Structures are given as C-alpha cells and as structure tokens.
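Colleague: Just so it is clear, I am handing over entry-v7.csv, which has CSV, C-alpha atoms.
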```csv
chain,number,residue,atom,x,y,z
H,1,MET,CA,38.7,35.0,87.1
H,2,SER,CA,37.3,38.3,85.6
H,3,LYS,CA,34.2,40.0,87.0
H,4,ARG,CA,32.2,39.4,83.8
H,5,SER,CA,32.9,35.7,84.0
H,6,THR,CA,31.9,35.6,87.7
H,7,LYS,CA,28.6,37.4,86.9
H,8,SER,CA,27.9,34.9,84.1
H,9,GLN,CA,28.7,32.0,86.4
H,10,HIS,CA,26.3,33.4,89.0
H,11,LEU,CA,23.6,33.9,86.3
H,12,ALA,CA,24.0,30.3,85.2
H,13,SER,CA,23.8,29.1,88.8
H,14,ILE,CA,20.7,31.2,89.3
H,15,SER,CA,19.0,29.8,86.2
H,16,LEU,CA,19.7,26.3,87.4
H,17,ALA,CA,18.4,27.1,90.9
H,18,ILE,CA,15.2,28.6,89.4
H,19,MET,CA,14.6,25.4,87.4
H,20,GLY,CA,15.2,23.2,90.5
H,21,VAL,CA,12.9,25.4,92.7
H,22,GLY,CA,10.3,25.5,90.0
H,23,PHE,CA,10.3,21.7,89.6
H,24,ILE,CA,9.9,21.2,93.4
H,25,ALA,CA,7.3,23.9,93.7
H,26,THR,CA,5.1,22.4,91.0
H,27,ILE,CA,5.1,18.9,92.4
H,28,PRO,CA,1.8,19.5,94.5
H,29,PHE,CA,0.1,20.8,91.3
H,30,GLN,CA,1.3,18.2,88.9
H,31,HIS,CA,-2.2,16.7,88.5
H,32,SER,CA,-3.6,20.0,87.3
H,33,PHE,CA,-3.4,21.0,83.7
H,34,TRP,CA,-1.1,24.0,84.1
H,35,GLY,CA,0.8,22.5,87.0
H,36,ASN,CA,1.6,19.5,84.8
H,37,ILE,CA,2.8,21.7,82.0
H,38,LEU,CA,4.9,23.9,84.3
H,39,GLN,CA,6.4,20.9,86.0
H,40,GLY,CA,7.4,19.3,82.7
H,41,GLY,CA,9.0,22.6,81.6
H,42,PHE,CA,11.0,23.0,84.9
H,43,GLU,CA,12.0,19.4,84.8
H,44,ALA,CA,13.3,19.6,81.3
H,45,GLY,CA,15.1,22.9,82.2
H,46,LEU,CA,16.7,21.3,85.2
H,47,VAL,CA,17.9,18.4,83.2
H,48,GLY,CA,19.2,20.6,80.4
H,49,GLY,CA,20.9,23.0,82.9
H,50,LEU,CA,22.5,20.1,84.8
H,51,ALA,CA,23.6,18.5,81.5
H,52,ASP,CA,25.3,21.7,80.3
H,53,TRP,CA,26.8,22.3,83.7
H,54,PHE,CA,28.3,18.8,83.6
H,55,ALA,CA,29.6,19.4,80.0
H,56,VAL,CA,31.1,22.8,80.8
H,57,THR,CA,32.7,21.7,84.0
H,58,ALA,CA,34.0,18.5,82.4
H,59,LEU,CA,36.2,20.7,80.1
H,60,PHE,CA,38.2,22.0,83.0
H,61,ARG,CA,37.9,19.6,85.9
H,62,HIS,CA,36.2,16.6,87.3
H,63,PRO,CA,32.5,17.5,88.2
H,64,LEU,CA,32.1,17.5,92.0
H,65,GLY,CA,35.7,16.2,92.2
H,66,ILE,CA,34.6,12.7,91.0
H,67,PRO,CA,37.0,11.2,88.5
H,68,ILE,CA,34.4,10.3,86.0
H,69,PRO,CA,35.9,9.0,82.6
H,70,HIS,CA,36.2,11.6,79.8
H,71,THR,CA,36.1,14.6,82.2
H,72,ALA,CA,38.8,17.2,83.0
H,73,LEU,CA,39.5,17.2,79.3
H,74,LEU,CA,41.9,20.2,79.1
H,75,PRO,CA,44.3,19.1,81.8
H,76,LYS,CA,44.4,15.5,80.5
H,77,ASN,CA,44.9,16.6,76.9
H,78,ARG,CA,47.1,19.7,77.5
H,79,GLN,CA,50.1,18.4,75.5
H,80,ARG,CA,48.0,17.4,72.6
H,81,ILE,CA,46.2,20.7,72.6
H,82,THR,CA,49.4,22.6,72.8
H,83,ALA,CA,50.9,20.6,69.9
H,84,THR,CA,47.7,21.3,67.9
H,85,ILE,CA,47.9,25.1,68.6
H,86,ILE,CA,51.6,25.2,67.6
H,87,SER,CA,50.9,23.2,64.4
H,88,MET,CA,48.0,25.5,63.5
H,89,LEU,CA,50.2,28.5,64.3
H,90,GLU,CA,53.1,27.4,62.1
H,91,ASN,CA,51.3,25.6,59.3
H,92,ASP,CA,48.0,27.4,59.0
H,93,TRP,CA,47.9,30.8,60.6
H,94,LEU,CA,51.5,32.1,60.4
H,95,THR,CA,53.1,30.2,57.6
H,96,LYS,CA,56.4,31.4,56.1
H,97,GLU,CA,54.6,32.0,52.8
H,98,SER,CA,51.9,34.1,54.4
H,99,ILE,CA,54.4,36.2,56.3
H,100,ARG,CA,56.5,36.7,53.2
H,101,GLU,CA,53.4,37.8,51.2
H,102,LYS,CA,52.5,40.4,53.9
H,103,ILE,CA,56.1,41.7,54.1
H,104,ALA,CA,56.4,41.8,50.3
H,105,ALA,CA,53.4,44.2,50.2
H,106,ILE,CA,55.1,46.7,52.6
H,107,HIS,CA,57.4,49.4,51.1
H,108,PHE,CA,59.9,49.6,53.9
H,109,THR,CA,62.3,52.0,52.3
H,110,GLU,CA,59.6,54.6,51.6
H,111,LYS,CA,58.2,54.3,55.1
H,112,LEU,CA,61.6,54.6,56.7
H,113,LEU,CA,62.5,57.6,54.5
H,114,GLY,CA,59.2,59.3,55.4
H,115,LEU,CA,59.7,58.7,59.1
H,116,PHE,CA,63.3,60.0,58.8
H,117,GLU,CA,62.1,63.1,56.9
H,118,LYS,CA,59.4,63.7,59.5
H,119,GLU,CA,61.7,63.5,62.5
H,120,LEU,CA,64.6,65.4,60.8
H,121,LEU,CA,63.5,68.8,62.1
H,122,SER,CA,62.7,67.6,65.6
H,123,ASP,CA,64.8,68.6,68.6
H,124,TYR,CA,65.4,65.0,69.4
H,125,ALA,CA,66.9,64.4,65.9
H,126,ARG,CA,69.0,67.6,66.3
H,127,LYS,CA,70.4,66.5,69.6
H,128,LEU,CA,70.9,62.9,68.4
H,129,VAL,CA,72.8,63.9,65.2
H,130,ILE,CA,75.0,66.4,67.1
H,131,SER,CA,75.7,63.9,69.8
H,132,MET,CA,76.7,61.3,67.3
H,133,ILE,CA,79.0,63.6,65.4
H,134,GLN,CA,80.7,64.8,68.7
H,135,LYS,CA,81.2,61.2,69.7
H,136,VAL,CA,82.8,60.4,66.3
H,137,ILE,CA,85.1,63.4,66.6
H,138,GLN,CA,86.0,62.5,70.2
H,139,ARG,CA,86.8,58.9,69.3
H,140,PHE,CA,89.8,60.0,67.2
H,141,ASP,CA,92.9,59.3,69.1
H,142,MET,CA,95.4,61.9,68.0
H,143,ASP,CA,98.4,60.1,69.5
H,144,GLN,CA,97.6,57.2,67.2
H,145,ILE,CA,96.8,59.3,64.1
H,146,ALA,CA,99.9,61.6,64.4
H,147,PRO,CA,102.5,58.9,63.5
H,148,ILE,CA,100.4,57.9,60.5
H,149,VAL,CA,100.2,61.5,59.3
H,150,GLU,CA,103.9,62.1,59.9
H,151,LYS,CA,104.8,58.9,58.0
H,152,GLU,CA,102.5,60.0,55.1
H,153,ILE,CA,104.0,63.6,55.0
H,154,LYS,CA,107.6,62.2,55.0
H,155,SER,CA,106.6,59.6,52.4
H,156,GLN,CA,105.2,62.3,50.1
H,157,ILE,CA,108.4,64.5,50.5
H,158,HIS,CA,110.6,61.4,49.9
H,159,SER,CA,108.7,60.8,46.7
H,160,LEU,CA,109.5,64.2,45.3
H,161,ASP,CA,112.1,63.8,42.5
H,162,ILE,CA,114.9,66.4,42.9
H,163,LYS,CA,115.7,65.9,39.2
H,164,THR,CA,112.2,67.2,38.3
H,165,TYR,CA,111.7,69.9,40.8
H,166,PHE,CA,115.2,71.4,41.2
H,167,PRO,CA,115.4,72.5,37.4
H,168,MET,CA,112.0,73.9,37.8
H,169,ALA,CA,113.1,75.9,40.9
H,170,VAL,CA,116.1,77.2,39.0
H,171,GLU,CA,113.9,78.3,36.1
H,172,GLN,CA,111.6,80.1,38.5
H,173,PHE,CA,114.6,81.6,40.1
H,174,SER,CA,115.6,83.1,36.8
H,175,LEU,CA,112.1,84.0,35.6
H,176,ARG,CA,111.4,85.9,38.8
H,177,LYS,CA,114.8,87.6,38.7
H,178,TYR,CA,115.8,86.4,42.1
H,179,ASP,CA,119.4,86.6,41.0
H,180,GLU,CA,119.2,90.3,40.5
H,181,LYS,CA,117.2,90.7,43.7
H,182,THR,CA,119.8,88.7,45.6
H,183,LEU,CA,122.6,90.8,44.1
H,184,ASP,CA,120.8,94.0,45.1
H,185,PHE,CA,120.2,92.7,48.6
H,186,ILE,CA,123.9,91.9,49.0
H,187,LEU,CA,124.9,95.3,47.5
H,188,ASN,CA,122.6,97.1,50.0
H,189,GLU,CA,124.1,95.1,52.9
H,190,ILE,CA,127.6,95.9,51.7
H,191,ASP,CA,126.8,99.6,51.2
H,192,GLU,CA,125.2,99.8,54.7
H,193,TRP,CA,128.2,98.1,56.2
H,194,ALA,CA,130.8,100.2,54.3
H,195,ASN,CA,129.2,103.5,55.3
H,196,LYS,CA,129.6,102.9,59.0
H,197,GLU,CA,132.3,104.8,60.8
H,198,SER,CA,133.5,101.7,62.6
H,199,THR,CA,134.0,100.0,59.2
H,200,LYS,CA,136.1,102.9,58.0
H,201,ASN,CA,138.3,102.8,61.1
H,202,ARG,CA,138.6,99.0,60.9
H,203,LEU,CA,139.5,99.1,57.2
H,204,GLY,CA,142.1,101.8,57.8
H,205,GLY,CA,143.7,99.9,60.6
H,206,MET,CA,143.8,96.7,58.5
H,207,ALA,CA,145.5,98.6,55.6
H,208,VAL,CA,148.2,100.2,57.8
H,209,GLU,CA,148.9,96.9,59.4
H,210,ALA,CA,149.1,95.2,56.0
H,211,ILE,CA,151.5,97.9,54.7
H,212,GLU,CA,153.8,97.6,57.7
H,213,ASN,CA,153.9,93.9,57.3
H,214,ILE,CA,155.0,94.0,53.6
H,215,LYS,CA,158.6,92.9,53.2
H,216,ALA,CA,160.4,94.6,50.4
H,217,ASP,CA,164.1,95.7,49.6
H,218,GLY,CA,165.7,98.8,48.3
H,219,PHE,CA,163.6,101.4,46.7
H,220,MET,CA,160.3,99.6,47.3
H,221,GLN,CA,160.9,99.6,51.0
H,222,PHE,CA,161.7,103.3,50.9
H,223,ALA,CA,158.6,104.0,48.9
H,224,LEU,CA,156.3,102.1,51.4
H,225,LYS,CA,157.8,103.9,54.3
H,226,SER,CA,157.3,107.3,52.6
H,227,PHE,CA,153.7,106.4,51.8
H,228,SER,CA,152.9,105.2,55.3
H,229,SER,CA,154.3,108.5,56.7
H,230,LEU,CA,152.0,110.5,54.4
H,231,VAL,CA,148.7,108.6,55.3
H,232,ASN,CA,147.2,107.4,58.5
H,233,GLU,CA,144.5,104.9,59.4
H,234,GLU,CA,141.7,107.5,58.9
H,235,LYS,CA,142.8,108.5,55.5
H,236,LEU,CA,143.4,104.9,54.3
H,237,GLY,CA,140.0,103.9,55.8
H,238,SER,CA,138.3,106.7,53.9
H,239,ILE,CA,140.0,105.8,50.7
H,240,ILE,CA,139.0,102.2,50.9
H,241,GLN,CA,135.5,103.1,52.1
H,242,SER,CA,135.1,105.3,49.1
H,243,LEU,CA,136.3,102.6,46.8
H,244,ILE,CA,133.8,100.1,48.2
H,245,VAL,CA,130.9,102.5,48.0
H,246,ASN,CA,131.8,103.6,44.5
H,247,GLY,CA,132.1,99.9,43.5
H,248,VAL,CA,128.7,99.1,45.0
H,249,ASN,CA,127.1,102.0,43.3
H,250,SER,CA,128.5,101.0,40.0
H,251,PHE,CA,127.1,97.5,40.4
H,252,ARG,CA,123.7,98.9,41.1
H,253,ASP,CA,123.6,100.5,37.7
H,254,PRO,CA,121.5,98.2,35.5
H,255,TYR,CA,123.6,99.2,32.5
H,256,ASN,CA,126.9,98.6,34.1
H,257,GLN,CA,129.0,96.2,32.2
H,258,ASN,CA,130.4,94.5,35.3
H,259,ARG,CA,126.9,94.0,36.7
H,260,THR,CA,125.7,92.6,33.4
H,261,THR,CA,128.7,90.3,33.3
H,262,LEU,CA,128.2,89.1,36.9
H,263,LEU,CA,124.5,88.3,36.3
H,264,TRP,CA,125.3,86.5,33.1
H,265,ASN,CA,127.9,84.4,34.9
H,266,ILE,CA,125.3,83.7,37.7
H,267,GLN,CA,122.7,82.6,35.1
H,268,THR,CA,125.3,80.4,33.4
H,269,LYS,CA,126.3,78.7,36.6
H,270,LEU,CA,122.6,78.1,37.5
H,271,GLN,CA,121.9,76.6,34.1
H,272,ASN,CA,124.9,74.3,34.4
H,273,VAL,CA,124.1,73.3,38.0
H,274,LYS,CA,120.5,72.4,37.4
H,275,ASN,CA,121.5,69.2,35.5
H,276,ASN,CA,124.6,68.5,37.4
H,277,GLU,CA,124.3,64.9,38.7
H,278,MET,CA,126.6,65.4,41.6
H,279,VAL,CA,124.6,68.5,42.8
H,280,LEU,CA,121.3,66.7,42.3
H,281,GLU,CA,122.5,63.7,44.2
H,282,GLU,CA,123.8,65.9,47.0
H,283,LEU,CA,120.5,67.7,47.2
H,284,ASP,CA,118.6,64.5,47.3
H,285,ASN,CA,120.8,63.2,50.1
H,286,TRP,CA,120.3,66.4,52.0
H,287,LYS,CA,116.5,66.2,51.5
H,288,LYS,CA,116.5,62.6,52.8
H,289,GLN,CA,118.6,63.5,55.8
H,290,LEU,CA,116.5,66.6,56.6
H,291,VAL,CA,113.2,64.6,56.3
H,292,ASN,CA,114.5,61.7,58.4
H,293,ASP,CA,115.7,64.1,61.2
H,294,TRP,CA,112.5,66.1,61.0
H,295,GLN,CA,110.6,65.5,64.3
H,296,LEU,CA,107.0,66.2,63.3
H,297,GLU,CA,104.9,64.0,65.6
H,298,GLY,CA,104.6,66.5,68.5
H,299,LYS,CA,103.6,69.4,66.3
H,300,ILE,CA,101.1,67.2,64.4
H,301,ILE,CA,99.5,66.1,67.7
H,302,ASP,CA,99.2,69.7,68.8
H,303,PHE,CA,97.7,70.6,65.5
H,304,LEU,CA,95.2,67.7,65.4
H,305,ASN,CA,94.1,68.4,69.0
H,306,ASN,CA,93.5,72.0,68.2
H,307,MET,CA,91.5,71.0,65.1
H,308,GLN,CA,89.6,68.5,67.1
H,309,GLN,CA,88.6,71.1,69.7
H,310,LYS,CA,87.6,73.6,67.0
H,311,ALA,CA,85.5,70.9,65.3
H,312,LEU,CA,83.7,70.2,68.6
H,313,ASP,CA,83.1,73.9,69.2
H,314,PHE,CA,81.8,74.3,65.7
H,315,VAL,CA,79.4,71.3,65.9
H,316,GLN,CA,77.8,72.9,69.0
H,317,GLU,CA,77.0,76.1,67.1
H,318,PRO,CA,73.3,76.4,66.1
H,319,ARG,CA,74.1,77.3,62.5
H,320,PHE,CA,76.1,74.0,62.0
H,321,PHE,CA,72.9,71.8,62.0
H,322,ASP,CA,70.7,74.3,60.1
H,323,THR,CA,73.4,75.3,57.6
H,324,TYR,CA,75.1,72.0,56.9
H,325,ILE,CA,73.4,68.9,58.3
H,326,ILE,CA,69.7,69.7,57.3
H,327,PRO,CA,70.6,70.7,53.7
H,328,PHE,CA,72.9,67.7,53.4
H,329,LEU,CA,70.4,65.2,54.7
H,330,THR,CA,67.5,66.8,52.7
H,331,ASN,CA,69.4,66.6,49.4
H,332,SER,CA,70.5,63.1,50.2
H,333,LEU,CA,66.9,62.0,50.7
H,334,ILE,CA,65.8,63.8,47.5
H,335,ASN,CA,68.6,62.1,45.5
H,336,LEU,CA,67.9,58.8,47.0
H,337,ARG,CA,64.2,58.9,46.1
H,338,GLU,CA,65.0,59.9,42.6
H,339,ASP,CA,67.4,57.0,42.2
H,340,LEU,CA,65.0,54.2,41.6
H,341,ASN,CA,67.8,51.6,41.4
H,342,LYS,CA,69.1,52.5,44.8
H,343,MET,CA,65.6,52.5,46.3
H,344,SER,CA,65.0,49.1,44.8
H,345,SER,CA,68.4,47.8,46.0
H,346,ILE,CA,67.7,49.0,49.6
H,347,GLU,CA,64.2,47.5,49.5
H,348,ASP,CA,65.6,44.2,48.3
H,349,TRP,CA,68.3,44.3,51.0
H,350,ILE,CA,65.8,44.9,53.8
H,351,ARG,CA,63.4,42.2,52.6
H,352,LYS,CA,66.2,39.7,52.1
H,353,HIS,CA,67.4,40.1,55.7
H,354,ILE,CA,63.8,39.9,57.0
H,355,PHE,CA,63.1,36.8,55.0
H,356,ASP,CA,66.4,35.3,56.2
H,357,PHE,CA,65.4,36.1,59.8
H,358,ILE,CA,62.0,34.5,59.3
H,359,GLU,CA,63.6,31.4,57.7
H,360,LYS,CA,65.9,30.9,60.6
H,361,ASN,CA,63.5,31.8,63.4
H,362,HIS,CA,60.1,30.7,62.1
H,363,SER,CA,60.2,27.5,64.2
H,364,LYS,CA,60.8,29.6,67.3
H,365,LEU,CA,57.3,30.9,67.1
H,366,GLY,CA,56.0,27.5,68.1
H,367,HIS,CA,58.7,27.1,70.7
H,368,LEU,CA,57.9,30.5,72.2
H,369,VAL,CA,54.2,29.6,72.5
H,370,GLU,CA,55.1,26.2,74.0
H,371,GLU,CA,57.5,27.7,76.5
H,372,ASN,CA,55.0,30.3,77.7
H,373,LEU,CA,52.3,27.7,78.0
H,374,ASP,CA,54.6,25.3,79.9
H,375,LYS,CA,55.3,28.1,82.4
H,376,LEU,CA,51.6,27.9,83.5
H,377,ASP,CA,50.4,25.2,85.7
H,378,ASP,CA,47.0,23.5,85.1
H,379,LYS,CA,45.2,25.7,87.6
H,380,THR,CA,46.5,29.0,86.2
H,381,LEU,CA,45.8,27.9,82.6
H,382,ILE,CA,42.3,26.9,83.4
H,383,GLU,CA,41.7,30.2,85.2
H,384,MET,CA,43.0,32.1,82.2
H,385,LEU,CA,40.7,30.2,79.9
H,386,GLU,CA,37.7,30.7,82.1
H,387,SER,CA,38.5,34.4,82.4
H,388,ASN,CA,38.5,34.8,78.6
H,389,VAL,CA,35.9,32.3,77.5
H,390,GLY,CA,34.1,31.5,80.7
H,391,LYS,CA,31.3,34.0,80.0
H,392,ASP,CA,30.3,32.3,76.8
H,393,LEU,CA,30.6,28.9,78.5
H,394,GLN,CA,28.3,30.0,81.4
H,395,TRP,CA,25.8,31.3,78.9
H,396,ILE,CA,25.7,27.7,77.5
H,397,ARG,CA,24.4,26.6,80.8
H,398,VAL,CA,21.8,29.4,80.9
H,399,ASN,CA,20.7,28.7,77.4
H,400,GLY,CA,20.6,25.0,78.2
H,401,ALA,CA,18.2,25.6,81.2
H,402,ILE,CA,16.0,28.0,79.2
H,403,CYS,CA,15.9,25.8,76.1
H,404,GLY,CA,15.2,22.7,78.2
H,405,PHE,CA,12.3,24.6,80.0
H,406,LEU,CA,10.8,25.6,76.6
H,407,ILE,CA,11.3,22.1,75.1
H,408,GLY,CA,9.7,20.6,78.2
H,409,LEU,CA,6.7,22.8,77.9
H,410,ILE,CA,6.3,21.7,74.3
H,411,LEU,CA,6.8,18.0,75.0
H,412,VAL,CA,4.2,18.1,77.9
H,413,GLY,CA,1.8,20.0,75.7
H,414,ILE,CA,2.2,17.4,73.0
H,415,ARG,CA,1.7,14.5,75.5
H,416,LEU,CA,-1.5,16.1,76.8
H,417,LEU,CA,-2.8,16.6,73.3
H,418,PHE,CA,-2.4,12.9,72.5
```
Show this structure as structure tokens.
Modeller:
Amino acid sequence: MSKRSTKSQHLASISLAIMGVGFIATIPFQHSFWGNILQGGFEAGLVGGLADWFAVTALFRHPLGIPIPHTALLPKNRQRITATIISMLENDWLTKESIREKIAAIHFTEKLLGLFEKELLSDYARKLVISMIQKVIQRFDMDQIAPIVEKEIKSQIHSLDIKTYFPMAVEQFSLRKYDEKTLDFILNEIDEWANKESTKNRLGGMAVEAIENIKADGFMQFALKSFSSLVNEEKLGSIIQSLIVNGVNSFRDPYNQNRTTLLWNIQTKLQNVKNNEMVLEELDNWKKQLVNDWQLEGKIIDFLNNMQQKALDFVQEPRFFDTYIIPFLTNSLINLREDLNKMSSIEDWIRKHIFDFIEKNHSKLGHLVEENLDKLDDKTLIEMLESNVGKDLQWIRVNGAICGFLIGLILVGIRLLF
C-alpha cells in the first residue's frame, strides 16, 4: 500500500479515535448544557465514523473478519466486475468505431515522411542505410548468379542472326577499305620476308634444286645444263628476290592495274559470299559451336566478385552517402509529396491495414485485461485498489466522522431548543 494511502488510513483512524475519546470524556458532563451538546456531537461523529469504516471495509473484506452478509463485495463479485470492465472497455470506451475515428484523423503518411526527413541526415540513418546496402550487396551469391549470366550471354549471342549481321560486316569491311589494308599488310610482310638474306639463299637453293630435277631430252637438257653452269644459288636467289620485291612494289602502287584488278576481284567475291547460303550456314554452325564450347562461368565469377568488392569499397566512401543517397532520397520525398495520388494511396493502405488489425484483434483487448486481472489474487488486487483509491476511501471515513459530529451538534441543539 502506498505511503499516501497509509497516511490517509492513519488520519481516518485518528478521527475515529478522537470521536470515541470525546464521547467518553463528555459522559461526566452530559447534564450540563455544553457537555450535553458536545457529547451529542461526539456520539454522532463516532456513529458516522464507524458506519463509514464499516462501509469502506465491506468493499474489500469482512469487517473484523466476521462473515457478515453483503460484505467483502469486491472478492465476491470479482468475475462480474471484471466482465463489466471488459464490456465497458469494448463497447463504451474503446469501441471499433471510436478507434477508427481517431485513426482516420491521423495523417500517417505525412508524419512518417516528416520523421524520415528529420532523421535522414543523422549519423544513425547514415550508418543504417550504408549497413543495409552492404548487406544487400553481400547477399548476392556470385556462384549462383554466374550460370544465369553465362546462359543469358550465350542466349543473346545465339539469337544473333548471321544472315543479318554478316552482310553488314561485309559492307563495313568494304566501306572501311579493310581489303586494301589487308592487302597492304600482306605486301609488307612479303616485302620484309623477301628482303632477308636467308630468304634469298633459300630461294636460290630451291631454284637450283628445281632446275636439276627437271627432266628433259636433247637440246632442252643441254640448255638447262648450260644455264645451271652459268648461275649459282646466290645469283638465282638474287634474281628471284628482285622479282618478288618488284612485284610487291608494283602492287603497292594504287594506280597499278594488277592491284586494281585484284581488289576488284576481292570485292566481287565478298559481295557474292555475303548472301551465299552455304557460307552463312557454315558461319552459323561455327558460331553455335564456338558459343557452346565457350567456358565463361569462371571468368564471370571472377568479374562479379571483383565488382562486388569494388561496390562494397565504394559504399564505404563518405561521398557515396552525401553524393548519391541523400539527393536520391530527398528527391524521392519531394516527388512523393507532390504526387497526391500516391500519398492518398499510401495513406489508404496504412489505414486499411490498421483497420484490419483492429477488426481482427479488438476482442483481444478484453481478453488482455481479463488475463492480467486473473493473474492477480484477491489480496494483491485489493492492495492495488487500496493503493490507488484508498486515500479517497479513507477520507470518506474522516468526512463521515466530521459530518456526524457537526450533525450531532445540530441535532442536540435542536432538541434542547424544543
């Protein structure tokens, strides 16, 4: 029991004791005028104090432990009182309609946005957002993602139509003059090879060997032998080398007829081959075989892991939150506030879920009160009530004694007058 309630109880007991002592003390003086009046007042105060003590005590327990009928009202009527409290709570104080009216008057979306905007620049929000983004990035399992990426890449390559892209490649080959560049590259390689000393010697040796192996009769045989006796490997190599170098130089000349003819033939072949069904089919088969044999998963895993680590490092940089997150969230809040339809939709969604929750759980309010009350035994419940309302109840006793005393004085005075 609280100290205030204990003090009030002591005060009530003191007032009752005063009335009793006053009544006994005035007995010898009851035949005098003032003694008679005071005794009547103390007597009425004693009766009033005792009556109120009995009434207050009867609420919680049997007075003096005597099981008098219609006493200990709270313990006896506990279930009925609990049921009444629950009924008043559900049907009068916290009805579904009253709760809905209160909720309908609250603008949840605006309050949530205001709270979110207020906390956006706090260190806690910064740490929370960065932590959430890091956890999202870390949750990506690259071993599971890599096969999906590989499949998608191969699917996209398989979907490429050779009949569409090969003619385009040929056209680009011609427009960018890759045929001339290729020819010039080959000519440079041949020129570089032909000008080597080792090439000259090798060509001379091959020429001499070829002449010696030629089979001929009569005058032709005599002529070959005469020619081979006049030249050696070095001379033949120099002759052939000069022929090759001169031929390469002639093909480098953009106005050379042979070069022009060769390039024209190359262009013609390319134009013919770009719509050749057999070539297109072969290229398509080659593409499929190449894609099917292409082992990409390991490289994709390495690439994704590298990108994941770079993303984690980037998120930890101070400029990430200030440069990207804050402007993004701020603009999102501004756009959301300006979009009245979205604001209304969010508000309706929040209220709908709250109303659904109330509809499903309103009856649990009474059950919750009942469960908590049932956990308390009669003694504990009475002590709680006395702690909270005992002060007022004890003042009833004090008031009863004082009022009885005053009424007694009045009644004795009236009796004396008549």
Colleague: When you draw a straight line from atom CA of H:Leu409 to atom CA of H:Asn36, how long is it in Å?
Modeller: 9.2 Å
Colleague: Which is closest to H:Leu329 among H:Glu281, H:Val129, H:Lys360, H:Val273, if we use all atoms listed in the file?
Modeller: H:Val129
Colleague: Please, what distance in Å, to one decimal, runs between atom CA of H:Ile334 and atom CA of H:Ile103?
Modeller: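 Between these atoms lies a distance of 25.0 Å.
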Colleague: Report the distance between atom CA of H:Asp143 and atom CA of H:Ile301 in Å, rounded to one decimal place.
Modeller: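 Computing the Euclidean distance for atom CA of H:Asp143 and atom CA of H:Ile301 yields 6.4 Å.
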Colleague: Can you tell me, as a list in words, what residues are no more than 8 Å from stretch 310-320 of chain H when counting all atoms listed in the file, ignoring any on the same chain fewer than 3 positions away?
Modeller: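 So the residues in contact are Ile130, Ile133, Gln134, Ile137, Asn306, Met307, Thr323, Tyr324 and Ile325 of chain H.
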Colleague: H:Lys299, H:Arg202, H:His367, H:Lys274: which is nearest H:Ala146, counting only C-alpha atoms?
Modeller: H:Lys299
Colleague: Nearest to H:Val291: which of H:Glu152, H:Ile37, H:Phe42, H:Ile410 is it, counting all atoms listed in the file?
Modeller: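 Closest to H:Val291 of all the choices is H:Glu152.
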Colleague: Measuring between all atoms listed in the file, which one of H:Phe108, H:Trp264, H:Gly48, H:Pro147 shows the shortest distance to H:Ser345?
Modeller: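 Selected residue with least distance to H:Ser345: H:Phe108.
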Colleague: Excluding H:Phe166 and its own-chain neighbours fewer than 4 positions away, which residues fall within 9 Å of it when counting all atoms listed in the file? Please give them as an MDAnalysis selection string.
Modeller: chainID H and resid 161:162 170:171 274:275 280 283
Colleague: Store the residues picked out above, limited to C-alpha atoms, as a tab-separated table (two decimals), keeping the file's coordinate frame.
Modeller:
```
chain	number	residue	atom	x	y	z
H	161	ASP	CA	112.10	63.80	42.50
H	162	ILE	CA	114.90	66.40	42.90
H	170	VAL	CA	116.10	77.20	39.00
H	171	GLU	CA	113.90	78.30	36.10
H	274	LYS	CA	120.50	72.40	37.40
H	275	ASN	CA	121.50	69.20	35.50
H	280	LEU	CA	121.30	66.70	42.30
H	283	LEU	CA	120.50	67.70	47.20
```
Colleague: Could you check the closest approach to H:Glu192 for each of H:Ala169, H:Val245, H:Leu175, H:Leu262 and tell me which residue wins, using all atoms listed in the file?
Modeller: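 Selected residue with least distance to H:Glu192: H:Val245.
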Colleague: Under the rule that all atoms listed in the file are counted, which of H:Ala51, H:Ile24, H:Ile266, H:Leu296 is the nearest residue to H:Gln39?
Modeller: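 Nearest candidate to H:Gln39 out of H:Ala51, H:Ile24, H:Ile266, H:Leu296: H:Ile24.
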Colleague: Using only C-alpha atoms, which residues sit within 12 Å of H:Glu282 once same-chain residues fewer than 4 positions away are excluded, as a PyMOL selection string?
Modeller: chain H and resi 162-163+166+273+276-278+286-289
Colleague: Keeping only C-alpha atoms, write the selected residues as a CSV table (one decimal), in the coordinates of the input.
Modeller:
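Result went into selection.csv, see below:
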```csv
chain,number,residue,atom,x,y,z
H,162,ILE,CA,114.9,66.4,42.9
H,163,LYS,CA,115.7,65.9,39.2
H,166,PHE,CA,115.2,71.4,41.2
H,273,VAL,CA,124.1,73.3,38.0
H,276,ASN,CA,124.6,68.5,37.4
H,277,GLU,CA,124.3,64.9,38.7
H,278,MET,CA,126.6,65.4,41.6
H,286,TRP,CA,120.3,66.4,52.0
H,287,LYS,CA,116.5,66.2,51.5
H,288,LYS,CA,116.5,62.6,52.8
H,289,GLN,CA,118.6,63.5,55.8
```
